[in-house]
>>> print(open('input.cif').read())   # mmCIF, C-alpha atoms and all ligand atoms
data_final
#
loop_
_atom_site.group_PDB
_atom_site.id
_atom_site.type_symbol
_atom_site.label_atom_id
_atom_site.label_comp_id
_atom_site.auth_asym_id
_atom_site.auth_seq_id
_atom_site.Cartn_x
_atom_site.Cartn_y
_atom_site.Cartn_z
ATOM 1 C CA MET A 1 40.743 -47.473 0.521
ATOM 2 C CA ASP A 2 37.320 -46.027 1.214
ATOM 3 C CA ASN A 3 36.700 -42.704 2.905
ATOM 4 C CA THR A 4 36.127 -44.070 6.396
ATOM 5 C CA GLU A 5 39.365 -45.993 6.261
ATOM 6 C CA LYS A 6 41.153 -42.872 5.062
ATOM 7 C CA THR A 7 39.709 -40.722 7.861
ATOM 8 C CA ASP A 8 40.611 -43.401 10.360
ATOM 9 C CA ARG A 9 44.239 -43.451 9.248
ATOM 10 C CA VAL A 10 44.480 -39.675 9.233
ATOM 11 C CA LYS A 11 43.019 -39.571 12.713
ATOM 12 C CA HIS A 12 45.688 -41.933 13.962
ATOM 13 C CA ASP A 13 48.600 -40.251 12.175
ATOM 14 C CA VAL A 14 51.107 -39.790 14.988
ATOM 15 C CA PHE A 15 52.692 -36.811 13.207
ATOM 16 C CA GLU A 16 49.406 -34.921 13.262
ATOM 17 C CA VAL A 17 49.108 -35.610 16.948
ATOM 18 C CA LEU A 18 52.642 -34.324 17.469
ATOM 19 C CA GLU A 19 51.979 -31.252 15.313
ATOM 20 C CA ASN A 20 49.214 -30.347 17.744
ATOM 21 C CA GLU A 21 51.986 -30.266 20.350
ATOM 22 C CA GLU A 22 54.171 -27.975 18.226
ATOM 23 C CA ILE A 23 56.420 -30.760 16.930
ATOM 24 C CA HIS A 24 56.784 -30.048 13.219
ATOM 25 C CA PHE A 25 59.131 -32.488 11.481
ATOM 26 C CA GLN A 26 60.575 -31.891 8.044
ATOM 27 C CA ASN A 27 59.124 -34.302 5.506
ATOM 28 C CA HIS A 28 62.246 -36.459 5.134
ATOM 29 C CA VAL A 29 62.421 -36.986 8.939
ATOM 30 C CA LYS A 30 58.816 -38.207 8.883
ATOM 31 C CA VAL A 31 59.648 -40.524 5.977
ATOM 32 C CA ILE A 32 62.621 -41.964 7.893
ATOM 33 C CA LEU A 33 60.690 -42.444 11.129
ATOM 34 C CA LYS A 34 57.860 -44.186 9.262
ATOM 35 C CA ALA A 35 60.290 -46.339 7.246
ATOM 36 C CA LEU A 36 62.008 -47.454 10.476
ATOM 37 C CA GLY A 37 58.680 -48.294 12.096
ATOM 38 C CA PHE A 38 58.298 -45.286 14.394
ATOM 39 C CA GLU A 39 54.675 -44.639 13.557
ATOM 40 C CA CYS A 40 53.073 -44.399 16.974
ATOM 41 C CA LEU A 41 53.500 -42.523 20.242
ATOM 42 C CA ARG A 42 54.693 -45.621 22.068
ATOM 43 C CA THR A 43 57.682 -46.313 19.812
ATOM 44 C CA ILE A 44 58.598 -42.639 19.455
ATOM 45 C CA ALA A 45 58.479 -42.309 23.262
ATOM 46 C CA MET A 46 61.223 -44.955 23.426
ATOM 47 C CA ILE A 47 63.795 -42.987 21.439
ATOM 48 C CA THR A 48 64.391 -41.021 24.665
ATOM 49 C CA ASP A 49 67.764 -39.326 24.095
ATOM 50 C CA SER A 50 70.706 -38.604 21.842
ATOM 51 C CA SER A 51 71.871 -42.210 21.769
ATOM 52 C CA GLY A 52 68.427 -43.198 20.550
ATOM 53 C CA VAL A 53 68.793 -40.730 17.694
ATOM 54 C CA ASP A 54 72.227 -42.188 16.926
ATOM 55 C CA GLU A 55 70.649 -45.617 16.588
ATOM 56 C CA LEU A 56 68.083 -44.235 14.117
ATOM 57 C CA GLN A 57 70.836 -42.602 12.120
ATOM 58 C CA GLU A 58 72.836 -45.803 12.007
ATOM 59 C CA SER A 59 69.778 -47.764 10.856
ATOM 60 C CA VAL A 60 69.165 -45.293 8.015
ATOM 61 C CA ARG A 61 72.750 -45.627 6.793
ATOM 62 C CA LYS A 62 72.811 -49.418 6.990
ATOM 63 C CA THR A 63 69.308 -50.193 5.770
ATOM 64 C CA PHE A 64 68.594 -47.577 3.134
ATOM 65 C CA GLY A 65 71.831 -45.633 2.591
ATOM 66 C CA LYS A 66 73.751 -48.311 0.660
ATOM 67 C CA GLY A 67 73.359 -51.549 -1.196
ATOM 68 C CA LYS A 68 70.498 -52.729 -3.381
ATOM 69 C CA LEU A 69 67.779 -50.810 -1.572
ATOM 70 C CA TYR A 70 69.560 -47.513 -2.184
ATOM 71 C CA GLU A 71 70.343 -48.424 -5.785
ATOM 72 C CA ARG A 72 66.708 -49.211 -6.552
ATOM 73 C CA MET A 73 65.501 -45.822 -5.236
ATOM 74 C CA THR A 74 64.696 -43.069 -7.690
ATOM 75 C CA GLU A 75 66.220 -39.617 -7.222
ATOM 76 C CA LYS A 76 62.870 -38.392 -6.026
ATOM 77 C CA ASP A 77 62.693 -41.181 -3.415
ATOM 78 C CA ARG A 78 66.237 -40.426 -2.223
ATOM 79 C CA LEU A 79 65.423 -36.749 -1.836
ATOM 80 C CA ALA A 80 62.222 -37.604 0.020
ATOM 81 C CA MET A 81 64.043 -39.866 2.457
ATOM 82 C CA PHE A 82 67.483 -38.389 3.034
ATOM 83 C CA GLY A 83 66.772 -34.708 2.377
ATOM 84 C CA PRO A 84 68.736 -32.417 0.039
ATOM 85 C CA CYS A 85 72.057 -32.787 1.919
ATOM 86 C CA PHE A 86 72.362 -36.568 1.818
ATOM 87 C CA ALA A 87 70.256 -37.588 -1.189
ATOM 88 C CA GLU A 88 73.374 -38.240 -3.258
ATOM 89 C CA ASP A 89 75.423 -40.061 -0.607
ATOM 90 C CA ALA A 90 73.207 -41.579 2.026
ATOM 91 C CA SER A 91 75.908 -43.896 3.451
ATOM 92 C CA GLU A 92 77.051 -40.931 5.557
ATOM 93 C CA PHE A 93 73.554 -39.879 6.477
ATOM 94 C CA GLN A 94 73.070 -37.911 9.701
ATOM 95 C CA PHE A 95 70.352 -35.847 11.254
ATOM 96 C CA MET A 96 70.884 -32.090 11.480
ATOM 97 C CA PRO A 97 71.297 -30.745 15.068
ATOM 98 C CA GLY A 98 67.795 -29.223 15.011
ATOM 99 C CA GLU A 99 66.303 -32.467 13.712
ATOM 100 C CA ARG A 100 68.001 -34.410 16.527
ATOM 101 C CA LYS A 101 66.631 -32.060 19.170
ATOM 102 C CA LEU A 102 63.164 -32.219 17.663
ATOM 103 C CA ILE A 103 63.180 -36.038 17.632
ATOM 104 C CA ILE A 104 64.132 -36.073 21.340
ATOM 105 C CA ALA A 105 61.442 -33.457 22.086
ATOM 106 C CA ALA A 106 58.917 -35.622 20.192
ATOM 107 C CA SER A 107 59.936 -38.579 22.335
ATOM 108 C CA HIS A 108 59.278 -36.659 25.566
ATOM 109 C CA VAL A 109 55.967 -35.287 24.298
ATOM 110 C CA SER A 110 54.883 -38.780 23.245
ATOM 111 C CA LYS A 111 55.650 -40.065 26.744
ATOM 112 C CA GLU A 112 53.563 -37.278 28.322
ATOM 113 C CA LEU A 113 50.645 -37.875 25.962
ATOM 114 C CA LEU A 114 50.676 -41.558 26.809
ATOM 115 C CA GLN A 115 50.689 -40.818 30.525
ATOM 116 C CA GLN A 116 47.741 -38.436 30.112
ATOM 117 C CA LYS A 117 45.920 -41.098 28.147
ATOM 118 C CA GLU A 118 46.534 -43.700 30.868
ATOM 119 C CA GLN A 119 45.272 -41.335 33.557
ATOM 120 C CA THR A 120 42.093 -40.556 31.589
ATOM 121 C CA LYS A 121 41.562 -44.279 31.030
ATOM 122 C CA LEU A 122 41.999 -44.945 34.753
ATOM 123 C CA LYS A 123 39.536 -42.194 35.692
ATOM 124 C CA ILE A 124 36.949 -43.602 33.270
ATOM 125 C CA GLN A 125 37.478 -47.108 34.672
ATOM 126 C CA GLN A 126 37.054 -45.860 38.247
ATOM 127 C CA LYS A 127 33.940 -43.915 37.250
ATOM 128 C CA ASN A 128 32.516 -46.966 35.465
ATOM 129 C CA SER A 129 33.247 -49.271 38.375
ATOM 130 C CA ARG A 130 31.450 -46.826 40.698
ATOM 131 C CA LEU A 131 28.514 -46.796 38.270
ATOM 132 C CA VAL A 132 28.451 -50.573 38.091
ATOM 133 C CA THR A 133 28.514 -50.833 41.888
ATOM 134 C CA SER A 134 25.640 -48.401 42.342
ATOM 135 C CA THR A 135 23.584 -50.045 39.595
ATOM 136 C CA THR A 136 24.148 -53.483 41.109
ATOM 137 C CA THR A 137 22.888 -52.390 44.507
ATOM 138 C CA GLN A 138 19.795 -50.918 42.890
ATOM 139 C CA ILE A 139 18.872 -54.133 41.133
ATOM 140 C CA VAL A 140 15.876 -55.649 42.872
ATOM 141 C CA ASN A 141 15.697 -59.408 42.623
ATOM 142 C CA LYS A 142 12.230 -60.717 42.114
ATOM 143 C CA PRO A 143 10.892 -62.470 45.208
ATOM 144 C CA LYS A 144 10.235 -66.167 44.649
ATOM 145 C CA LYS A 145 6.849 -66.055 46.383
ATOM 146 C CA ASN A 146 4.037 -63.582 46.166
ATOM 147 C CA LEU A 147 3.277 -61.392 49.147
ATOM 148 C CA VAL A 148 0.208 -63.431 50.221
ATOM 149 C CA GLN A 149 2.239 -66.644 50.367
ATOM 150 C CA TYR A 150 5.106 -64.903 52.113
ATOM 151 C CA PHE A 151 3.040 -63.160 54.739
ATOM 152 C CA ALA A 152 0.756 -66.127 55.510
ATOM 153 C CA GLN A 153 3.854 -68.201 56.144
ATOM 154 C CA TRP A 154 5.470 -65.458 58.196
ATOM 155 C CA LEU A 155 2.402 -65.123 60.384
ATOM 156 C CA ALA A 156 2.160 -68.879 60.902
ATOM 157 C CA ASN A 157 5.802 -69.146 61.966
ATOM 158 C CA THR A 158 6.446 -65.901 63.804
ATOM 159 C CA LYS A 159 7.750 -66.088 67.349
ATOM 160 C CA HIS A 160 6.613 -62.553 68.072
ATOM 161 C CA PRO A 161 3.764 -62.375 70.588
ATOM 162 C CA ILE A 162 1.193 -61.594 67.928
ATOM 163 C CA ASP A 163 -2.431 -62.700 68.060
ATOM 164 C CA TYR A 164 -3.646 -62.172 64.531
ATOM 165 C CA GLN A 165 -5.423 -64.233 61.907
ATOM 166 C CA PHE A 166 -4.309 -63.996 58.308
ATOM 167 C CA ILE A 167 -7.918 -63.499 57.159
ATOM 168 C CA ASN A 168 -7.938 -60.194 59.052
ATOM 169 C CA CYS A 169 -5.571 -58.556 56.603
ATOM 170 C CA LYS A 170 -6.026 -57.666 52.965
ATOM 171 C CA ILE A 171 -2.987 -57.863 50.728
ATOM 172 C CA ASN A 172 -2.600 -55.937 47.507
ATOM 173 C CA GLU A 173 0.064 -57.648 45.378
ATOM 174 C CA GLU A 174 0.061 -54.865 42.793
ATOM 175 C CA ASN A 175 0.742 -51.970 45.139
ATOM 176 C CA LEU A 176 2.593 -54.084 47.718
ATOM 177 C CA THR A 177 0.407 -52.893 50.585
ATOM 178 C CA ILE A 178 -1.331 -54.600 53.512
ATOM 179 C CA ILE A 179 -4.566 -53.359 55.054
ATOM 180 C CA CYS A 180 -5.606 -54.341 58.562
ATOM 181 C CA LYS A 181 -9.308 -55.090 58.375
ATOM 182 C CA LEU A 182 -9.575 -54.940 62.159
ATOM 183 C CA CYS A 183 -8.362 -51.328 62.182
ATOM 184 C CA PRO A 184 -10.301 -49.441 59.512
ATOM 185 C CA ALA A 185 -8.723 -46.165 60.620
ATOM 186 C CA ALA A 186 -5.196 -47.389 59.862
ATOM 187 C CA LYS A 187 -3.732 -46.516 56.461
ATOM 188 C CA PRO A 188 -2.478 -49.297 54.165
ATOM 189 C CA PHE A 189 0.985 -50.466 55.184
ATOM 190 C CA THR A 190 3.604 -50.372 52.481
ATOM 191 C CA VAL A 191 5.776 -53.449 51.905
ATOM 192 C CA TYR A 192 9.241 -53.093 50.407
ATOM 193 C CA ILE A 193 11.435 -55.531 48.513
ATOM 194 C CA ASP A 194 15.131 -55.249 49.259
ATOM 195 C CA SER A 195 18.008 -55.833 46.840
ATOM 196 C CA LYS A 196 18.076 -59.572 47.681
ATOM 197 C CA GLY A 197 14.390 -59.943 46.817
ATOM 198 C CA CYS A 198 13.217 -60.190 50.441
ATOM 199 C CA TYR A 199 9.923 -58.643 51.477
ATOM 200 C CA LYS A 200 10.166 -56.018 54.201
ATOM 201 C CA VAL A 201 6.892 -55.960 56.121
ATOM 202 C CA THR A 202 8.383 -53.965 58.997
ATOM 203 C CA ASN A 203 5.599 -51.336 59.093
ATOM 204 C CA PHE A 204 2.801 -53.857 59.315
ATOM 205 C CA VAL A 205 4.647 -56.035 61.833
ATOM 206 C CA ALA A 206 5.105 -52.986 64.053
ATOM 207 C CA HIS A 207 1.349 -52.421 63.789
ATOM 208 C CA LEU A 208 0.628 -56.038 64.711
ATOM 209 C CA LYS A 209 2.927 -55.885 67.698
ATOM 210 C CA LYS A 210 1.375 -52.649 68.865
ATOM 211 C CA PHE A 211 -2.310 -53.410 68.328
ATOM 212 C CA HIS A 212 -2.624 -57.154 67.968
ATOM 213 C CA GLY A 213 -0.196 -58.525 70.485
ATOM 214 C CA LYS A 214 -0.954 -61.455 72.726
ATOM 215 C CA GLU A 215 -0.927 -59.112 75.719
ATOM 216 C CA PRO A 216 -4.181 -57.242 76.198
ATOM 217 C CA ARG A 217 -3.998 -53.714 74.848
ATOM 218 C CA ASP A 218 -6.438 -50.863 74.882
ATOM 219 C CA THR A 219 -7.756 -49.272 71.710
ATOM 220 C CA ASN A 220 -4.662 -47.058 71.461
ATOM 221 C CA GLY A 221 -2.376 -50.054 71.563
ATOM 222 C CA ARG A 222 -1.176 -49.229 75.078
ATOM 223 C CA PRO A 223 -0.709 -51.783 77.776
ATOM 224 C CA PRO A 224 -3.474 -51.250 80.274
ATOM 225 C CA SER A 225 -1.141 -50.732 83.222
ATOM 226 C CA THR A 226 2.578 -50.270 83.394
ATOM 227 C CA SER A 227 5.405 -49.877 85.817
ATOM 228 C CA LEU A 228 9.163 -49.729 85.405
ATOM 229 C CA ASN A 229 9.375 -52.411 88.014
ATOM 230 C CA VAL A 230 9.671 -55.605 85.997
ATOM 231 C CA ALA A 231 8.403 -57.915 88.704
ATOM 232 C CA GLN A 232 5.402 -55.715 89.261
ATOM 233 C CA THR A 233 4.650 -55.552 85.534
ATOM 234 C CA LEU A 234 4.865 -59.298 85.267
ATOM 235 C CA ALA A 235 2.510 -59.775 88.207
ATOM 236 C CA GLN A 236 0.100 -57.282 86.681
ATOM 237 C CA THR A 237 0.247 -58.977 83.296
ATOM 238 C CA LEU A 238 -0.583 -62.290 84.866
ATOM 239 C CA ALA A 239 -3.442 -60.711 86.774
ATOM 240 C CA GLN A 240 -4.693 -58.966 83.640
ATOM 241 C CA THR A 241 -5.147 -62.196 81.723
ATOM 242 C CA SER A 242 -8.136 -62.986 83.921
ATOM 243 C CA SER A 243 -9.534 -59.445 84.189
ATOM 244 C CA PRO A 244 -8.657 -57.093 81.337
ATOM 245 C CA PRO A 245 -8.268 -53.629 82.810
ATOM 246 C CA THR A 246 -9.545 -50.363 81.414
ATOM 247 C CA ARG A 247 -7.781 -47.076 80.738
ATOM 248 C CA ARG A 248 -9.400 -45.572 83.813
ATOM 249 C CA ASN A 249 -6.905 -47.564 85.889
ATOM 250 C CA VAL A 250 -3.972 -45.751 84.318
ATOM 251 C CA SER A 251 -2.783 -42.564 85.950
ATOM 252 C CA GLY A 252 -1.268 -39.700 83.926
ATOM 253 C CA ALA A 253 2.287 -40.464 84.995
ATOM 254 C CA GLN A 254 1.875 -44.158 84.348
ATOM 255 C CA LYS A 255 0.402 -43.438 80.937
ATOM 256 C CA ARG A 256 3.419 -41.339 79.937
ATOM 257 C CA GLN A 257 5.721 -44.138 81.016
ATOM 258 C CA ALA A 258 3.592 -46.542 79.074
ATOM 259 C CA ASP A 259 3.889 -44.442 75.901
ATOM 260 C CA THR A 260 7.638 -44.173 76.239
ATOM 261 C CA GLN A 261 8.057 -47.872 76.864
ATOM 262 C CA ASP A 262 5.793 -48.798 74.046
ATOM 263 C CA ASP A 263 7.576 -46.583 71.516
ATOM 264 C CA ARG A 264 10.911 -47.856 72.667
ATOM 265 C CA SER A 265 9.935 -51.474 72.347
ATOM 266 C CA SER A 266 8.428 -51.132 68.884
ATOM 267 C CA ASN A 267 11.398 -49.145 67.595
ATOM 268 C CA SER A 268 13.972 -51.554 68.878
ATOM 269 C CA GLU A 269 12.256 -54.511 67.266
ATOM 270 C CA ILE A 270 11.125 -52.831 64.115
ATOM 271 C CA SER A 271 13.708 -54.274 61.745
ATOM 272 C CA GLU A 272 13.990 -57.649 63.388
ATOM 273 C CA PRO A 273 11.330 -59.752 61.686
ATOM 274 C CA SER A 274 12.205 -58.943 58.096
ATOM 275 C CA SER A 275 15.953 -59.327 58.496
ATOM 276 C CA LYS A 276 15.494 -62.552 60.410
ATOM 277 C CA ARG A 277 13.290 -63.900 57.649
ATOM 278 C CA CYS A 278 15.731 -62.833 55.007
ATOM 279 C CA SER A 279 18.588 -64.737 56.498
ATOM 280 C CA THR A 280 16.608 -67.939 56.446
ATOM 281 C CA GLY A 281 15.785 -67.654 52.773
ATOM 282 C CA ARG A 282 14.376 -64.975 50.563
ATOM 283 C CA GLU A 283 11.035 -66.585 49.948
ATOM 284 C CA VAL A 284 10.030 -67.029 53.563
HETATM 285 ZN ZN ZN B 1 -4.954 -53.647 63.029
#
>>> encode(input="input.cif", output="structure tokens")
Amino acid sequence: MDNTEKTDRVKHDVFEVLENEEIHFQNHVKVILKALGFECLRTIAMITDSSGVDELQESVRKTFGKGKLYERMTEKDRLAMFGPCFAEDASEFQFMPGERKLIIAASHVSKELLQQKEQTKLKIQQKNSRLVTSTTTQIVNKPKKNLVQYFAQWLANTKHPIDYQFINCKINEENLTIICKLCPAAKPFTVYIDSKGCYKVTNFVAHLKKFHGKEPRDTNGRPPSTSLNVAQTLAQTLAQTSSPPTRRNVSGAQKRQADTQDDRSSNSEISEPSSKRCSTGREV
């Protein structure tokens, strides 16, 4: 037996564990428990009560206390197993009252230690499963297409009222950003990849809807004239297609309404395009 093996066995010696819990058996009780196969917390926990101790006692008498096994034992062995009181006649072997109580106490302690162990194990499992869950959601699948392919296709198929040519944007695959060449003042728009590997071009789509929609817009992305009256707005829109209006037509109150409407519309639609694309397949 090498040293590691030795340390390993010592570490798992149930009697050392029990000694830490103030259960100190006399040597011959340890020898008996080991000889009868009670070498771990689980079996010792099953002794439970006085009748369990009676069973042990009976086993000692029958198995070791008489017959060939007893005859073959040296005096030293008999003393080690049965203790000074029964070494000479082990057929009548019995545990001393204190030994009985200690065995029962050891059984209860073993049960408690096992329960503690189970609870710790359960806590670790729960903690690990939480870790696994959070790691899984963080994993980003690689998109099947590059951003250029994805966005060109998106632009070609979009049902949003956007009037924009793909050549008017510049895509950086490394940084995952899109620049609008028509709006030099606008900062690059960041593209995200969600956990399913879908591109999220929400920021840039919002820009397209605001500044490059099919409806005429002024340089601030505002509709040239607005009204809360839908019919009126529609009539105006139709009229505007032939003669694009200027900002001078917009009164202060109308302009404020226009801002509010515009913000509302872009916010409500902001997540639509990417999620819609995602559901049809991650590469689109
Ligand atoms: Zn632009």
>>> atom_distance(input="input.cif", atom1="CA of His160 in chain A", atom2="CA of Lys209 in chain A")
7.6 Å
>>> residues_around(input="input.cif", residues="Leu56 in chain A", least_positions_apart="3", cutoff="12 Å", atoms="all atoms listed in the file", output="tab-separated table (two decimals) with C-alpha atoms, in the coordinates of the input")
chain	number	residue	atom	x	y	z
A	29	VAL	CA	62.42	-36.99	8.94
A	32	ILE	CA	62.62	-41.96	7.89
A	33	LEU	CA	60.69	-42.44	11.13
A	34	LYS	CA	57.86	-44.19	9.26
A	35	ALA	CA	60.29	-46.34	7.25
A	36	LEU	CA	62.01	-47.45	10.48
A	37	GLY	CA	58.68	-48.29	12.10
A	38	PHE	CA	58.30	-45.29	14.39
A	44	ILE	CA	58.60	-42.64	19.45
A	46	MET	CA	61.22	-44.96	23.43
A	47	ILE	CA	63.80	-42.99	21.44
A	48	THR	CA	64.39	-41.02	24.66
A	49	ASP	CA	67.76	-39.33	24.10
A	50	SER	CA	70.71	-38.60	21.84
A	51	SER	CA	71.87	-42.21	21.77
A	52	GLY	CA	68.43	-43.20	20.55
A	53	VAL	CA	68.79	-40.73	17.69
A	59	SER	CA	69.78	-47.76	10.86
A	60	VAL	CA	69.17	-45.29	8.02
A	61	ARG	CA	72.75	-45.63	6.79
A	62	LYS	CA	72.81	-49.42	6.99
A	63	THR	CA	69.31	-50.19	5.77
A	64	PHE	CA	68.59	-47.58	3.13
A	93	PHE	CA	73.55	-39.88	6.48
A	94	GLN	CA	73.07	-37.91	9.70
A	95	PHE	CA	70.35	-35.85	11.25
A	99	GLU	CA	66.30	-32.47	13.71
A	100	ARG	CA	68.00	-34.41	16.53
A	103	ILE	CA	63.18	-36.04	17.63
A	104	ILE	CA	64.13	-36.07	21.34
>>> residues_near_ligand(input="input.cif", ligand="ligand ZN 1 (chain B)", cutoff="12 Å", atoms="only C-alpha atoms and all ligand atoms", output="PyMOL selection string")
chain A and resi 162-170+178-189+203-213+217+219-221
>>> atom_distance(input="input.cif", atom1="CA of Gly67 in chain A", atom2="CA of Thr43 in chain A")
26.7 Å
>>> atom_distance(input="input.cif", atom1="CA of Ser195 in chain A", atom2="CA of Lys145 in chain A")
15.1 Å
>>> closest_residue(input="input.cif", among="A:Leu114, A:Val191, A:Ile124, A:Val109", to="Asn146 in chain A", atoms="all atoms listed in the file")
A:Val191
>>> closest_residue(input="input.cif", among="A:Ala45, A:Val17, A:His28, A:Thr190", to="Glu174 in chain A", atoms="only C-alpha atoms")
A:Thr190
